[in-house]
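Notes follow the structure.
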Amino acid sequence: WTPTSAIEHAMSRKRKAPSGSAEPRQAVRETLTFNGSTLLRARLVLATLSARPVRITNIRIDEESPGLTPSEASFIRLLDKMTNGTRIEINETGTTMSFRPGLLVGGAISHDCGGGGDGVRAAGWFLEGIAPLAPFMKRPLHLTLENCVTNDDLDPSVDMLREVTLALLRKFGIGGDEETAGGLEVKIRCRGAAPGGGGLVEFRCPVVRQLRSVDLLDAGLVKRVRGVAYSTKVSPQVPNRMVSRVRGVLNQLLPDVYVYTDVYSGKTSGASPGFAVCLWAETTTGCML
């Protein structure tokens, strides 16, 4: 097998190949088709992770307001900002969409969640969908959610995601080792109570090379309870009364209970008055509930 024979072999293969039959570098993956709006956010997230194009039809076609909701359209725009090369096609009524994901890029991204009102979801709804994608970006993600609702009675609060969801992500090795320590966090710059919103939330997530396996078969027993009572544009005595009532109930079950107050006023208090309390528990096996 000489260099001359190798050249002749290559030329013979080139002569045998018909014109226009060059194979593409990467085969086009088959498009998955789904019907209805069920699990729409999860389907888009999994399509982005697997680089699989999807087509979703009949989105709320029988409802009074057919098509995508404002928050679903906003989430699609956010995915477009986080990726490079994503192609999105939506028909005029919003009942059919095609989504061909691009590459996850990350970096510094700002996104307007649309404030409050009907059909607008809280910041926790957006962060729930972004959390599975964030560790696999090309660059560490620094996401700023503007004009958002931080706490409502429909979606997980930002406090719960900060204390419970991030603790679970650290068990997978995201922000929990020496290389990525301190890179995983959620900061509440401004509270935004429903319905007006006006909150500002920052989410940072490092890039990981591989995930650790997790064994969470035993929930264990509750050993301590922590929490936060917040208020916006109301009297500072309101969260103090909430803390007193919470301790009055939980101290009958266990002594290690600590709930702190988080009072917002002025420009950091959003557009609507409100107050709430968020509680989480740590068990003897390290689970956060």
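Order determines the names: the first chain of the structure tokens is A, the second B, and so forth; residues in each chain are numbered 1 upward, and ligands are numbered 1 upward as they are shown.
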* **Exercise: region 240-254 of chain A partners within 9 Å, only C-alpha atoms, chain neighbours under 2 positions left out, as a ChimeraX atom specification** => /A:222-225,227-229,236-238,256-261,276-277
Export of prior selection with C-alpha atoms as a PDB file, in the first residue's frame:
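File out39.pdb, as written:
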ATOM      1  CA  VAL A 222     -37.058  16.320  60.654  1.00  0.00           C
ATOM      2  CA  LYS A 223     -34.372  17.730  62.953  1.00  0.00           C
ATOM      3  CA  ARG A 224     -34.661  21.485  62.341  1.00  0.00           C
ATOM      4  CA  VAL A 225     -36.972  23.983  60.652  1.00  0.00           C
ATOM      5  CA  GLY A 227     -37.944  29.924  57.338  1.00  0.00           C
ATOM      6  CA  VAL A 228     -38.368  33.500  56.197  1.00  0.00           C
ATOM      7  CA  ALA A 229     -41.303  35.864  56.683  1.00  0.00           C
ATOM      8  CA  PRO A 236     -42.893  45.764  59.578  1.00  0.00           C
ATOM      9  CA  GLN A 237     -44.940  44.305  62.431  1.00  0.00           C
ATOM     10  CA  VAL A 238     -46.732  41.952  60.040  1.00  0.00           C
ATOM     11  CA  ASP A 256     -34.869  23.924  66.753  1.00  0.00           C
ATOM     12  CA  VAL A 257     -37.023  26.429  64.852  1.00  0.00           C
ATOM     13  CA  TYR A 258     -35.709  29.700  63.462  1.00  0.00           C
ATOM     14  CA  VAL A 259     -37.646  32.045  61.179  1.00  0.00           C
ATOM     15  CA  TYR A 260     -36.167  35.411  60.252  1.00  0.00           C
ATOM     16  CA  THR A 261     -37.929  38.475  58.871  1.00  0.00           C
ATOM     17  CA  ALA A 276     -45.970  35.616  53.203  1.00  0.00           C
ATOM     18  CA  VAL A 277     -43.923  33.036  55.066  1.00  0.00           C
TER      19      VAL A 277
END
* Fewer than 5 positions away in the same chain doesn't count, so skip those; otherwise give me all residues within 9 Å of Pro70 (chain A), counting only C-alpha atoms, as a PyMOL selection string. => chain A and resi 75+114+118-121
Counting only C-alpha atoms, what is within 9 Å of Arg52 (chain A), bar same-chain residues fewer than 4 positions away, as a short mmCIF file (atom, residue, chain, number, x, y, z; two decimals) with N, CA and C atoms, in the first residue's frame?
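That gives us out-v3.cif:
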data_model
loop_
_atom_site.label_atom_id
_atom_site.label_comp_id
_atom_site.auth_asym_id
_atom_site.auth_seq_id
_atom_site.Cartn_x
_atom_site.Cartn_y
_atom_site.Cartn_z
N ARG A 29 -31.91 15.14 12.80
CA ARG A 29 -32.67 14.25 13.67
C ARG A 29 -34.15 14.40 13.39
N GLU A 30 -34.87 13.31 13.57
CA GLU A 30 -36.30 13.30 13.29
C GLU A 30 -37.03 14.19 14.29
N THR A 31 -38.00 14.92 13.79
CA THR A 31 -38.78 15.83 14.62
C THR A 31 -39.84 15.04 15.39
N LEU A 32 -39.90 15.28 16.69
CA LEU A 32 -40.93 14.68 17.53
C LEU A 32 -42.17 15.57 17.52
N LEU A 46 -36.36 19.46 27.61
CA LEU A 46 -35.76 18.18 27.22
C LEU A 46 -35.33 18.18 25.76
N ALA A 47 -36.06 18.88 24.91
CA ALA A 47 -35.65 18.99 23.52
C ALA A 47 -34.33 19.75 23.41
N THR A 48 -34.16 20.77 24.25
CA THR A 48 -32.91 21.53 24.23
C THR A 48 -31.75 20.69 24.74
N PHE A 99 -39.96 23.91 17.18
CA PHE A 99 -38.82 24.34 17.98
C PHE A 99 -37.62 23.47 17.64
N ARG A 100 -36.61 24.09 17.03
CA ARG A 100 -35.36 23.40 16.71
C ARG A 100 -34.26 24.03 17.57
N PRO A 101 -33.84 23.35 18.64
CA PRO A 101 -32.92 23.96 19.60
C PRO A 101 -31.52 24.15 19.04
#
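Neighbouring residues of Gly199 (chain A) at 7 Å or closer, counting only C-alpha atoms and skipping chain neighbours under 5 positions away, are Glu146, Asn147, Cys148, Val149, Thr150, Cys190, Arg191, Gly192 and Gly270 of chain A.
Of note, CA of Cys113 (chain A) and CA of Phe126 (chain A) are spaced 8.4 Å apart.
Remark: for Pro53 (chain A), the closest of the candidate residues A:Ala122, A:Ile88, A:Leu166, A:Ala73 is A:Ile88 (distances computed over only C-alpha atoms).
Among the candidate residues A:Lys138, A:Leu40, A:Ala123, A:Val234, the one lying nearest to Asp159 (chain A) is A:Ala123, with distances computed using only C-alpha atoms.
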